[in-house]
$ cat start_36.cif   # mmCIF, C-alpha atoms
data_my_file
loop_
_atom_site.label_atom_id
_atom_site.label_comp_id
_atom_site.auth_asym_id
_atom_site.auth_seq_id
_atom_site.Cartn_x
_atom_site.Cartn_y
_atom_site.Cartn_z
CA MET V 1 -55.66 -283.07 40.72
CA GLY V 2 -58.47 -281.04 42.17
CA ILE V 3 -61.39 -280.31 39.87
CA LEU V 4 -63.28 -277.05 40.32
CA ASP V 5 -67.00 -277.48 39.87
CA GLY V 6 -67.80 -274.15 38.18
CA ALA V 7 -71.46 -273.83 39.11
CA PHE V 8 -71.03 -274.01 42.88
CA GLY V 9 -67.36 -273.31 43.32
CA ASP V 10 -66.61 -276.66 44.97
CA PHE V 11 -63.39 -278.57 44.70
CA THR V 12 -63.30 -282.32 44.38
CA GLY V 13 -60.15 -284.39 44.28
CA ARG V 14 -56.73 -283.98 45.76
CA ILE V 15 -54.71 -280.79 46.18
CA GLY V 16 -51.41 -281.29 47.95
CA ASN V 17 -52.13 -283.34 51.04
CA MET V 18 -55.81 -282.33 51.21
CA VAL V 19 -58.54 -284.35 49.56
CA PHE V 20 -62.09 -283.07 48.92
CA TYR V 21 -65.07 -285.25 48.19
CA LYS V 22 -68.83 -285.52 48.63
CA LEU V 23 -70.09 -287.05 51.87
CA ASN V 24 -73.82 -287.16 52.63
CA GLY V 25 -74.49 -284.36 50.16
CA LYS V 26 -71.77 -282.04 51.45
CA ILE V 27 -68.30 -281.36 50.14
CA VAL V 28 -65.81 -282.30 52.84
CA GLY V 29 -62.05 -281.91 52.97
CA ARG V 30 -59.48 -283.77 54.98
CA THR V 31 -55.75 -284.39 54.96
CA ILE V 32 -54.60 -287.54 53.28
CA GLY V 33 -51.67 -289.73 54.20
CA LYS V 34 -50.34 -291.30 57.35
CA VAL V 35 -50.82 -289.57 60.69
CA ASP V 36 -47.70 -289.92 62.81
CA SER V 37 -48.66 -287.84 65.83
CA ARG V 38 -51.90 -286.85 67.50
CA SER V 39 -52.59 -284.18 70.09
CA GLU V 40 -53.88 -285.19 73.51
CA SER V 41 -57.39 -283.98 72.77
CA GLN V 42 -57.45 -286.03 69.58
CA GLU V 43 -56.35 -289.08 71.57
CA GLU V 44 -59.11 -288.38 74.05
CA ILE V 45 -61.75 -288.36 71.32
CA LEU V 46 -60.40 -291.66 70.00
CA MET V 47 -60.59 -293.15 73.48
CA ARG V 48 -64.14 -291.91 73.99
CA THR V 49 -65.17 -293.48 70.71
CA SER V 50 -63.50 -296.75 71.63
CA LEU V 51 -65.48 -296.78 74.88
CA ILE V 52 -68.90 -295.82 73.57
CA SER V 53 -69.01 -297.73 70.30
CA PRO V 54 -68.63 -301.26 71.77
CA PHE V 55 -71.27 -300.24 74.30
CA LEU V 56 -73.81 -299.17 71.67
CA THR V 57 -73.20 -302.01 69.21
CA PRO V 58 -75.24 -304.74 71.00
CA LEU V 59 -78.00 -302.17 71.61
CA LYS V 60 -78.17 -301.06 67.99
CA GLU V 61 -81.63 -302.44 67.31
CA PHE V 62 -82.91 -300.78 70.47
CA ILE V 63 -81.53 -297.31 69.75
CA ARG V 64 -82.78 -297.62 66.17
CA ILE V 65 -86.26 -297.38 67.72
CA GLY V 66 -85.21 -295.10 70.57
CA PHE V 67 -83.87 -292.31 68.36
CA LYS V 68 -86.05 -292.84 65.29
CA HIS V 69 -88.27 -289.83 65.93
CA THR V 70 -85.77 -287.65 67.77
CA PRO V 71 -85.29 -284.33 65.94
CA LYS V 72 -81.96 -284.43 64.10
CA PRO V 73 -80.17 -282.80 61.18
CA GLN V 74 -81.11 -284.12 57.78
CA ASP V 75 -78.08 -286.31 57.21
CA TRP V 76 -77.99 -287.87 60.69
CA ASP V 77 -79.32 -291.26 61.61
CA PHE V 78 -80.19 -292.84 64.96
CA TYR V 79 -76.59 -293.80 65.61
CA SER V 80 -75.34 -290.23 65.13
CA VAL V 81 -77.83 -289.05 67.74
CA ALA V 82 -76.86 -291.82 70.14
CA THR V 83 -73.13 -291.04 69.88
CA SER V 84 -73.59 -287.28 70.00
CA LEU V 85 -75.58 -287.62 73.24
CA ASN V 86 -73.52 -290.31 74.94
CA LYS V 87 -69.98 -289.57 73.85
CA PRO V 88 -69.73 -286.34 75.80
CA GLY V 89 -72.52 -287.11 78.29
CA ALA V 90 -72.12 -290.68 79.45
CA ILE V 91 -68.37 -290.77 80.06
CA MET V 92 -66.82 -289.75 83.33
CA GLY V 93 -63.29 -289.10 84.51
CA LYS V 94 -60.38 -287.25 82.99
CA TYR V 95 -58.24 -288.47 80.14
CA PRO V 96 -56.60 -291.02 80.27
CA LYS V 97 -58.82 -292.41 83.04
CA LEU V 98 -62.14 -292.39 81.22
CA LYS V 99 -65.01 -294.72 82.10
CA ILE V 100 -68.60 -295.16 81.01
CA ASN V 101 -71.04 -293.60 83.45
CA TYR V 102 -73.93 -296.05 83.13
CA LYS V 103 -76.23 -293.77 85.12
CA LYS V 104 -76.11 -291.09 82.46
CA VAL V 105 -76.49 -293.23 79.36
CA ILE V 106 -79.42 -292.18 77.16
CA LEU V 107 -80.94 -294.88 74.98
CA SER V 108 -84.11 -293.15 73.77
CA LYS V 109 -85.32 -289.58 73.57
CA GLY V 110 -88.82 -288.25 72.96
CA ASN V 111 -91.85 -286.43 74.32
CA VAL V 112 -93.71 -289.27 76.04
CA SER V 113 -93.76 -289.02 79.83
CA PRO V 114 -90.87 -291.08 81.24
CA ALA V 115 -91.18 -293.86 83.82
CA LYS V 116 -91.58 -292.87 87.47
CA ASP V 117 -90.67 -294.69 90.69
CA VAL V 118 -88.90 -297.47 88.83
CA LYS V 119 -87.93 -300.52 90.84
CA VAL V 120 -86.06 -303.58 89.59
CA SER V 121 -85.50 -306.86 91.35
CA LEU V 122 -83.68 -309.98 90.27
CA SER V 123 -84.90 -313.47 90.96
CA ASP V 124 -84.19 -316.73 89.22
CA HIS V 125 -83.01 -315.32 85.87
CA GLN V 126 -85.85 -312.86 85.71
CA LEU V 127 -85.75 -309.12 86.03
CA GLN V 128 -88.94 -307.83 87.58
CA PHE V 129 -89.54 -304.19 86.61
CA SER V 130 -92.21 -302.10 88.24
CA TRP V 131 -93.22 -298.47 87.75
CA LYS V 132 -95.94 -296.04 88.72
CA PRO V 133 -98.41 -295.76 85.81
CA ASP V 134 -99.27 -292.06 86.61
CA LEU V 135 -101.75 -291.78 83.74
CA GLU V 136 -102.61 -288.16 84.61
CA ALA V 137 -99.17 -286.95 83.56
CA LYS V 138 -98.79 -285.04 80.30
CA ASN V 139 -98.16 -287.25 77.25
CA ALA V 140 -98.84 -290.42 79.19
CA ASP V 141 -101.28 -292.91 77.77
CA ALA V 142 -102.55 -296.19 79.17
CA SER V 143 -101.70 -297.94 75.90
CA ASP V 144 -98.02 -296.96 75.95
CA GLN V 145 -95.78 -300.01 75.88
CA VAL V 146 -92.68 -300.44 77.96
CA MET V 147 -89.20 -300.98 76.53
CA LEU V 148 -86.71 -302.75 78.78
CA VAL V 149 -82.95 -303.17 78.54
CA ALA V 150 -80.57 -305.37 80.49
CA TYR V 151 -76.95 -304.71 79.59
CA PHE V 152 -74.01 -306.86 80.70
CA PRO V 153 -70.93 -304.63 80.69
CA GLU V 154 -68.40 -307.43 81.23
CA MET V 155 -69.64 -309.50 78.31
CA LEU V 156 -70.52 -306.51 76.10
CA LYS V 157 -73.87 -308.13 75.39
CA ALA V 158 -77.44 -307.00 75.94
CA VAL V 159 -80.98 -308.34 76.16
CA PHE V 160 -83.89 -306.05 75.46
CA VAL V 161 -87.63 -305.86 74.76
CA THR V 162 -89.05 -303.10 72.61
CA SER V 163 -92.75 -303.89 73.09
CA GLY V 164 -93.44 -305.04 76.62
CA ALA V 165 -96.43 -304.62 78.90
CA ARG V 166 -98.79 -301.62 78.76
CA ARG V 167 -98.03 -298.61 80.94
CA SER V 168 -101.26 -299.18 82.92
CA VAL V 169 -100.12 -302.64 84.03
CA GLY V 170 -97.26 -301.26 86.10
CA THR V 171 -95.00 -304.32 86.01
CA ASP V 172 -93.18 -306.43 83.46
CA ILE V 173 -90.69 -309.28 83.43
CA LEU V 174 -87.51 -309.47 81.38
CA GLN V 175 -86.29 -313.03 81.01
CA LEU V 176 -82.51 -313.33 81.20
CA PRO V 177 -80.32 -316.12 79.87
CA THR V 178 -78.64 -318.35 82.44
CA PHE V 179 -75.27 -317.34 83.80
CA THR V 180 -72.46 -319.38 85.27
CA GLU V 181 -70.37 -316.58 86.75
CA ARG V 182 -71.00 -313.45 88.74
CA THR V 183 -72.55 -310.96 86.32
CA ILE V 184 -73.24 -307.25 86.59
CA ILE V 185 -76.49 -306.09 85.01
CA GLU V 186 -77.27 -302.47 84.12
CA THR V 187 -80.96 -301.82 83.49
CA TYR V 188 -82.86 -299.13 81.58
CA ILE V 189 -86.54 -298.49 81.00
CA SER V 190 -88.46 -296.37 78.52
CA PHE V 191 -91.90 -296.14 76.88
CA ILE V 192 -93.15 -296.20 73.31
CA THR V 193 -96.59 -295.10 72.13
CA ASP V 194 -99.04 -297.59 70.72
CA GLU V 195 -98.76 -295.91 67.27
CA ARG V 196 -94.96 -296.23 67.37
CA ASN V 197 -94.55 -292.55 66.58
CA ASP V 198 -92.89 -291.33 69.76
CA VAL V 199 -90.88 -292.59 72.70
CA SER V 200 -90.04 -291.36 76.17
CA ASP V 201 -86.61 -290.51 77.53
CA SER V 202 -84.91 -293.61 78.86
CA ILE V 203 -84.44 -293.90 82.62
CA TYR V 204 -81.58 -295.69 84.35
CA ALA V 205 -83.19 -298.30 86.57
CA GLY V 206 -80.16 -299.45 88.53
CA ARG V 207 -77.33 -301.92 88.75
CA LEU V 208 -77.93 -305.51 89.83
CA THR V 209 -75.48 -308.32 90.38
CA TRP V 210 -76.19 -311.94 89.65
CA ASN V 211 -74.48 -314.35 92.04
CA LYS V 212 -74.44 -318.09 92.40
CA SER V 213 -75.74 -317.69 95.92
CA LEU V 214 -78.99 -316.27 94.58
CA GLN V 215 -79.96 -319.67 93.25
CA MET A 1 -44.77 -308.04 43.51
CA ALA A 2 -45.05 -304.80 41.61
CA ILE A 3 -48.16 -302.69 41.99
CA LEU A 4 -49.48 -300.69 39.05
CA ARG A 5 -50.52 -297.42 40.64
CA LYS A 6 -51.87 -295.83 37.44
CA GLY A 7 -53.05 -298.86 35.55
CA PHE A 8 -51.09 -300.01 32.52
CA LEU A 9 -50.29 -296.42 31.42
CA GLY A 10 -48.29 -295.34 34.43
CA GLY A 11 -45.17 -296.40 36.20
CA PHE A 12 -45.05 -299.19 38.67
CA SER A 13 -43.39 -299.80 42.00
CA GLY A 14 -41.75 -303.00 43.11
CA PRO A 15 -39.72 -305.78 41.53
CA VAL A 16 -40.75 -307.67 38.38
CA GLY A 17 -38.31 -310.36 37.29
CA PRO A 18 -34.81 -308.86 37.15
CA GLY A 19 -36.06 -305.23 37.23
CA SER A 20 -37.62 -303.03 39.87
CA GLY A 21 -39.83 -299.97 39.39
CA ALA A 22 -39.59 -296.89 41.57
CA VAL A 23 -40.20 -293.15 41.63
CA TRP A 24 -37.06 -291.00 41.66
CA LYS A 25 -37.23 -287.18 41.68
CA GLY A 26 -40.81 -287.32 40.45
CA ARG A 27 -40.03 -289.61 37.54
CA ASN A 28 -40.92 -293.26 37.15
CA ILE A 29 -37.74 -295.21 36.70
CA LEU A 30 -36.77 -298.81 36.13
CA LYS A 31 -33.61 -300.13 37.74
CA SER A 32 -32.04 -303.49 38.38
CA ARG A 33 -33.29 -305.52 41.26
CA PRO A 34 -31.58 -304.77 44.59
CA GLY A 35 -29.11 -307.32 45.93
CA LYS A 36 -29.63 -309.52 48.94
CA ARG A 37 -29.02 -308.02 52.36
CA THR A 38 -25.72 -308.90 53.95
CA LYS A 39 -26.43 -307.71 57.53
CA PRO A 40 -28.24 -310.28 59.66
CA VAL A 41 -31.88 -309.47 60.47
CA GLN A 42 -32.31 -307.88 63.89
CA PRO A 43 -35.14 -309.71 65.68
CA GLN A 44 -38.02 -307.30 66.35
CA PRO A 45 -41.05 -307.81 68.66
CA GLN A 46 -43.41 -307.89 65.67
CA HIS A 47 -41.54 -310.89 64.25
CA ALA A 48 -42.40 -312.85 67.40
CA ILE A 49 -46.05 -311.75 67.30
CA MET A 50 -46.33 -312.66 63.63
CA ASP A 51 -44.85 -316.07 64.33
CA VAL A 52 -47.07 -316.93 67.31
CA LEU A 53 -50.30 -315.48 65.98
CA SER A 54 -50.18 -316.72 62.42
CA ARG A 55 -49.16 -320.18 63.61
CA PHE A 56 -52.17 -320.19 65.94
CA LEU A 57 -54.71 -318.79 63.48
CA SER A 58 -53.77 -320.74 60.36
CA PRO A 59 -55.73 -323.95 61.18
CA PHE A 60 -58.82 -321.76 61.72
CA LYS A 61 -58.49 -320.28 58.24
CA ARG A 62 -61.60 -321.82 56.67
CA PHE A 63 -63.78 -320.45 59.48
CA ILE A 64 -62.05 -317.06 59.58
CA LYS A 65 -63.06 -316.78 55.92
CA THR A 66 -66.71 -316.63 57.00
CA GLY A 67 -66.05 -315.05 60.39
CA PHE A 68 -64.22 -312.00 59.06
CA TYR A 69 -65.96 -311.85 55.68
CA HIS A 70 -66.43 -308.31 54.47
CA LYS A 71 -67.75 -307.33 51.08
CA LYS A 72 -66.10 -303.95 50.78
CA ASN A 73 -62.63 -304.36 52.24
CA LYS A 74 -59.68 -305.08 50.00
CA ASP A 75 -57.71 -307.03 52.57
CA SER A 76 -58.33 -310.72 53.13
CA PRO A 77 -60.37 -312.08 56.05
CA PHE A 78 -57.24 -313.70 57.49
CA ASN A 79 -55.47 -310.35 57.34
CA ARG A 80 -58.30 -308.77 59.27
CA ALA A 81 -58.23 -311.54 61.87
CA MET A 82 -54.48 -311.04 62.37
CA HIS A 83 -54.97 -307.30 62.67
CA TYR A 84 -57.78 -307.57 65.18
CA ASN A 85 -56.01 -310.05 67.46
CA TRP A 86 -52.58 -308.41 67.14
CA ASP A 87 -52.98 -305.97 70.04
CA ARG A 88 -55.64 -307.84 71.97
CA ALA A 89 -55.02 -311.53 72.23
CA LEU A 90 -51.41 -311.89 73.33
CA ILE A 91 -49.82 -312.04 76.76
CA GLY A 92 -46.17 -311.85 77.75
CA SER A 93 -43.42 -309.76 76.26
CA ALA A 94 -41.05 -310.12 73.34
CA PRO A 95 -39.88 -312.63 72.31
CA ASN A 96 -41.97 -314.93 74.50
CA TYR A 97 -45.54 -314.20 73.50
CA LYS A 98 -48.38 -316.51 74.37
CA ILE A 99 -51.94 -316.70 73.13
CA ASP A 100 -54.62 -315.53 75.54
CA TYR A 101 -57.29 -318.03 74.56
CA LYS A 102 -60.06 -316.09 76.28
CA LYS A 103 -59.43 -313.04 74.17
CA ILE A 104 -58.96 -314.59 70.76
CA ILE A 105 -61.66 -313.41 68.35
CA LEU A 106 -62.45 -315.67 65.40
CA SER A 107 -65.42 -313.82 63.97
CA ARG A 108 -66.88 -310.38 64.24
CA GLY A 109 -70.40 -309.29 63.40
CA SER A 110 -73.69 -307.99 64.66
CA ARG A 111 -75.77 -311.19 64.71
CA GLU A 112 -77.12 -312.49 68.01
CA PRO A 113 -74.17 -314.09 69.87
CA ALA A 114 -74.17 -317.36 71.80
CA TRP A 115 -75.62 -316.96 75.29
CA ALA A 116 -74.66 -319.04 78.30
CA GLY A 117 -72.48 -321.41 76.31
CA THR A 118 -71.18 -324.44 78.19
CA VAL A 119 -68.88 -327.33 77.36
CA ILE A 120 -69.15 -330.75 78.99
CA LEU A 121 -67.30 -333.97 78.40
CA GLU A 122 -69.78 -336.57 77.14
CA ALA A 123 -67.53 -339.51 76.39
CA ALA A 124 -63.78 -339.99 76.55
CA ASP A 125 -63.18 -338.24 73.23
CA GLN A 126 -66.42 -336.41 72.67
CA ILE A 127 -67.63 -333.07 73.99
CA LYS A 128 -71.08 -331.59 74.07
CA VAL A 129 -71.49 -327.86 73.56
CA SER A 130 -74.78 -326.25 74.50
CA TRP A 131 -76.08 -322.70 74.27
CA GLU A 132 -79.25 -320.73 74.85
CA VAL A 133 -81.38 -318.39 72.82
CA PRO A 134 -82.84 -315.56 74.92
CA VAL A 135 -86.62 -315.24 74.97
CA THR A 136 -86.29 -311.72 73.60
CA ALA A 137 -84.52 -312.84 70.40
CA LYS A 138 -86.49 -313.47 67.22
CA MET A 139 -86.16 -317.22 66.84
CA LYS A 140 -87.84 -317.23 63.42
CA LEU A 141 -85.11 -315.04 61.98
CA ILE A 142 -82.08 -316.56 63.63
CA GLY A 143 -83.19 -320.14 64.37
CA SER A 144 -81.62 -321.65 61.25
CA ASP A 145 -78.20 -320.05 61.74
CA ARG A 146 -75.38 -322.54 61.57
CA ALA A 147 -73.39 -322.97 64.77
CA ILE A 148 -69.67 -323.23 64.19
CA ILE A 149 -67.70 -324.78 67.02
CA MET A 150 -63.93 -324.95 66.94
CA VAL A 151 -61.62 -326.82 69.32
CA TYR A 152 -57.90 -326.17 69.64
CA ASN A 153 -55.33 -328.19 71.50
CA GLU A 154 -51.64 -327.49 72.01
CA ASN A 155 -50.80 -331.16 71.48
CA GLU A 156 -51.79 -330.92 67.82
CA PRO A 157 -51.56 -327.22 66.88
CA GLN A 158 -51.76 -327.88 63.13
CA HIS A 159 -55.23 -329.34 63.29
CA ILE A 160 -58.49 -328.24 64.89
CA CYS A 161 -61.60 -330.25 65.58
CA TYR A 162 -64.84 -328.61 64.55
CA SER A 163 -68.55 -328.99 64.08
CA ASP A 164 -70.47 -326.87 61.59
CA LYS A 165 -73.59 -328.93 61.00
CA ALA A 166 -75.78 -327.99 63.98
CA ILE A 167 -78.18 -325.05 63.75
CA ARG A 168 -79.05 -322.56 66.46
CA SER A 169 -82.44 -324.07 67.30
CA ASP A 170 -80.77 -327.41 68.12
CA LEU A 171 -79.35 -325.69 71.25
CA SER A 172 -76.51 -328.19 71.46
CA ALA A 173 -73.93 -329.98 69.33
CA THR A 174 -71.36 -332.70 69.81
CA VAL A 175 -67.77 -332.60 68.60
CA GLU A 176 -65.59 -335.65 68.13
CA MET A 177 -62.10 -335.08 69.50
CA LEU A 178 -58.79 -336.63 68.53
CA TYR A 179 -57.13 -339.20 70.74
CA ILE A 180 -53.96 -337.11 70.72
CA TYR A 181 -55.79 -334.28 72.50
CA ARG A 182 -55.71 -336.23 75.76
CA GLY A 183 -53.53 -334.83 78.51
CA ARG A 184 -53.81 -331.15 77.66
CA GLU A 185 -56.67 -328.69 77.85
CA SER A 186 -58.74 -328.25 74.72
CA HIS A 187 -60.07 -324.75 74.11
CA VAL A 188 -63.50 -324.23 72.60
CA TRP A 189 -64.96 -321.29 70.64
CA ILE A 190 -68.34 -320.80 69.02
CA PHE A 191 -69.98 -318.39 66.61
CA PHE A 192 -73.12 -318.31 64.50
CA VAL A 193 -73.46 -317.61 60.81
CA SER A 194 -76.61 -316.87 58.82
CA PRO A 195 -77.68 -319.46 56.19
CA ASP A 196 -76.39 -317.25 53.36
CA GLY A 197 -73.04 -316.87 55.11
CA LYS A 198 -73.08 -313.08 55.05
CA SER A 199 -73.98 -312.19 58.61
CA VAL A 200 -72.04 -313.55 61.57
CA SER A 201 -72.05 -313.14 65.34
CA ASN A 202 -69.08 -312.31 67.51
CA SER A 203 -67.19 -315.41 68.54
CA ASP A 204 -67.31 -316.52 72.17
CA TYR A 205 -64.75 -318.45 74.19
CA LEU A 206 -66.63 -321.23 75.95
CA GLY A 207 -63.87 -322.55 78.16
CA SER A 208 -61.48 -325.45 78.23
CA VAL A 209 -62.01 -329.16 78.73
CA LEU A 210 -59.70 -332.08 79.46
CA THR A 211 -60.52 -335.11 77.32
CA GLY A 212 -59.95 -338.70 78.31
CA THR A 213 -60.93 -338.16 81.94
CA ILE A 214 -64.13 -340.21 81.52
CA ASP A 215 -63.79 -343.95 81.16
CA ASP A 216 -65.93 -345.21 78.26
CA SER A 217 -66.17 -348.76 79.62
CA ILE A 218 -68.30 -347.67 82.58
CA ASN A 219 -71.18 -346.54 80.35
#
$ encode --input "start_36.cif" --output "structure tokens"
Amino acid sequence: MGILDGAFGDFTGRIGNMVFYKLNGKIVGRTIGKVDSRSESQEEILMRTSLISPFLTPLKEFIRIGFKHTPKPQDWDFYSVATSLNKPGAIMGKYPKLKINYKKVILSKGNVSPAKDVKVSLSDHQLQFSWKPDLEAKNADASDQVMLVAYFPEMLKAVFVTSGARRSVGTDILQLPTFTERTIIETYISFITDERNDVSDSIYAGRLTWNKSLQ
Amino acid sequence: MAILRKGFLGGFSGPVGPGSGAVWKGRNILKSRPGKRTKPVQPQPQHAIMDVLSRFLSPFKRFIKTGFYHKKNKDSPFNRAMHYNWDRALIGSAPNYKIDYKKIILSRGSREPAWAGTVILEAADQIKVSWEVPVTAKMKLIGSDRAIIMVYNENEPQHICYSDKAIRSDLSATVEMLYIYRGRESHVWIFFVSPDGKSVSNSDYLGSVLTGTIDDSIN
């Protein structure tokens, strides 16, 4: 039975096959019961979610920092921002052949000047990142610290650093765990201010492959 | 089992003793229990999945209890484990399903998983499992997590060998195997659980090992 809240004119409860309730301060309504058929566009959204959510889960603690200060509606959190940017943006192809486009993934968003001329090399379980400090750029400070991500798409695992070397240093090392098999590594780089109140946009630094022959 | 939909004031649905509750034309009614079916059961694909998967998962039950623990959900951890592996961890087609050991998931959570896990045969019936902790992880927070290692062998499917004493900062653990495991591959999984048992990592398949191939008398 739906109950009419007289003061604001809101329903709560069930009317027919619709149910209304409070979610994050808003009254929402949805149908209740089993869904036996979905349209193609609904299936596409489900597939996009099933691609992007296992990708973001191991990076959760990173995007918590990366989207902390990004402007967002009042009832959104960092994860809402991450999905709303990456679910339409970082997936390529047409349904049902959707794939994650690792080049377009965004893991942090802010006003700090992003990294320039990023180079990554792999040697002996270490990722060597280097960038151009470019301290004259707007919103770039020598005390900014680098944030590095190495993501392993086959294992659905990630290694990251949220407070690395200073921007003025120009290089940093990300220590990787040892591998036994051929492993693909996707890398990202971004900056955070010394006061932890802003971040830069994240930059895709490239794909590397770990092989046994590298040893 | 009858379920009381409206508490003790309302009608109920399902059989209780000789009676059975139901809703008929909007009214709650009580009728006699239905008779036994006379037609033979038609075998369905889900019967085969249920058989294979529940047979495989049941010896892992005590670890699935921690691995799929969830405070809010009404279903049991074992139910959740069955549900998660149902579409993912089987190969073949009805009625000949087989377990894909690489894809079996025995715990799900957001804690730091095991990195670079390896299995080696230490003695004839003893394996050594080792793992790494990445430099970027916060060892102070996750160092005292218990490592849970489970070993399954088709020779003795009712019983698994396990080790749940080692902690993450030990970086390795040994598991005693059964003599009966010799001759067939033993499959090894690992996951980590926080000291309070509430936060777990995803489980990882570490590979398979053939016991009994080392001769103890040489050492």
$ residues_around --input "start_36.cif" --residues "stretch 74-82 of chain V" --least-positions-apart "2" --cutoff "8 Å" --atoms "all atoms listed in the file" --output "list in words"
Asn24, Lys60, Ile63, Arg64, Gly66, Phe67, Lys68, Lys72, Ser84, Leu85, Asn86, Ile106 and Leu107 of chain V
$ closest_residue --input "start_36.cif" --among "A:Phe56, A:Phe78, A:Phe192, A:Trp115" --to "chain V" --atoms "all atoms listed in the file"
A:Trp115
$ atom_distance --input "start_36.cif" --atom1 "atom CA of V:Met147" --atom2 "atom CA of V:Lys99"
25.6 Å
$ atom_distance --input "start_36.cif" --atom1 "atom CA of A:Met139" --atom2 "atom CA of A:Ser201"
14.8 Å
$ closest_residue --input "start_36.cif" --among "A:Val200, A:Ile99, A:Val135, A:Leu206" --to "chain V" --atoms "all atoms listed in the file"
A:Val135
$ resolve_selection --input "start_36.cif" --expression "the PyMOL selection byres ((chain V and resi 157-162) around 10)" --output "count of residues only"
48
$ atom_distance --input "start_36.cif" --atom1 "atom CA of A:Ile3" --atom2 "atom CA of A:Val52"
29.1 Å
$ residues_around --input "start_36.cif" --residues "A:Ser163" --least-positions-apart "2" --cutoff "7 Å" --atoms "only C-alpha atoms" --output "tab-separated table (two decimals) with C-alpha atoms, keeping the file's coordinate frame"
chain	number	residue	atom	x	y	z
A	148	ILE	CA	-69.67	-323.23	64.19
A	149	ILE	CA	-67.70	-324.78	67.02
A	150	MET	CA	-63.93	-324.95	66.94
A	165	LYS	CA	-73.59	-328.93	61.00
A	175	VAL	CA	-67.77	-332.60	68.60
$ residues_near_point --input "start_36.cif" --point "(-61.7, -305.1, 67.8)" --cutoff "10 Å" --atoms "all atoms listed in the file" --output "VMD selection string"
(chain V and resid 50 54) or (chain A and resid 80 to 81 83 to 88 105 108)
$ residues_near_point --input "start_36.cif" --point "(-51.2, -308.9, 77.4)" --cutoff "12 Å" --atoms "all atoms listed in the file" --output "ChimeraX atom specification"
/A:49,85-94,96-104
$ resolve_selection --input "start_36.cif" --expression "the PyMOL selection byres ((chain V and resi 88) around 12)" --output "number ranges by chain"
V: 44-45, 47-49, 51-52, 81-87, 89-94, 98-101, 104-106
$ resolve_selection --input "start_36.cif" --expression "the PyMOL selection byres ((chain V and resi 131) around 8)" --output "list in words"
Ala115, Lys116, Asp117, Val118, Lys119, Phe129, Ser130, Lys132, Pro133, Gly170 and Thr171 of chain V
$ closest_residue --input "start_36.cif" --among "A:Thr118, A:Ser20, A:Ser54, A:Ser186" --to "chain V" --atoms "all atoms listed in the file"
A:Thr118
$ residues_around --input "start_36.cif" --residues "stretch 11-14 of chain A" --least-positions-apart "4" --cutoff "10 Å" --atoms "only C-alpha atoms" --output "PDB file with C-alpha atoms, in the coordinates of the input"
ATOM      1  CA  MET A   1     -44.770-308.040  43.510  1.00  0.00           C
ATOM      2  CA  ALA A   2     -45.050-304.800  41.610  1.00  0.00           C
ATOM      3  CA  ILE A   3     -48.160-302.690  41.990  1.00  0.00           C
ATOM      4  CA  LEU A   4     -49.480-300.690  39.050  1.00  0.00           C
ATOM      5  CA  ARG A   5     -50.520-297.420  40.640  1.00  0.00           C
ATOM      6  CA  LYS A   6     -51.870-295.830  37.440  1.00  0.00           C
ATOM      7  CA  GLY A   7     -53.050-298.860  35.550  1.00  0.00           C
ATOM      8  CA  GLY A  19     -36.060-305.230  37.230  1.00  0.00           C
ATOM      9  CA  SER A  20     -37.620-303.030  39.870  1.00  0.00           C
ATOM     10  CA  GLY A  21     -39.830-299.970  39.390  1.00  0.00           C
ATOM     11  CA  ALA A  22     -39.590-296.890  41.570  1.00  0.00           C
ATOM     12  CA  VAL A  23     -40.200-293.150  41.630  1.00  0.00           C
ATOM     13  CA  ARG A  27     -40.030-289.610  37.540  1.00  0.00           C
ATOM     14  CA  ASN A  28     -40.920-293.260  37.150  1.00  0.00           C
ATOM     15  CA  ILE A  29     -37.740-295.210  36.700  1.00  0.00           C
ATOM     16  CA  LEU A  30     -36.770-298.810  36.130  1.00  0.00           C
ATOM     17  CA  ARG A  33     -33.290-305.520  41.260  1.00  0.00           C
TER      18      ARG A  33
END
$ closest_residue --input "start_36.cif" --among "A:Val193, A:Ile167, A:Met82, A:Leu9" --to "A:Glu132" --atoms "only C-alpha atoms"
A:Ile167
$ residues_around --input "start_36.cif" --residues "A:Arg168" --least-positions-apart "6" --cutoff "8 Å" --atoms "all atoms listed in the file" --output "list in words"
Val133, Ile142, Gly143, Ser144, Asp145, Arg146, Ala147 and Phe192 of chain A
$ closest_residue --input "start_36.cif" --among "V:Glu136, V:Glu195, V:Ser200, V:His125" --to "chain A" --atoms "only C-alpha atoms"
V:His125
$ closest_residue --input "start_36.cif" --among "V:Gly110, V:Gln126, V:Val19, V:Val28" --to "chain A" --atoms "all atoms listed in the file"
V:Gln126
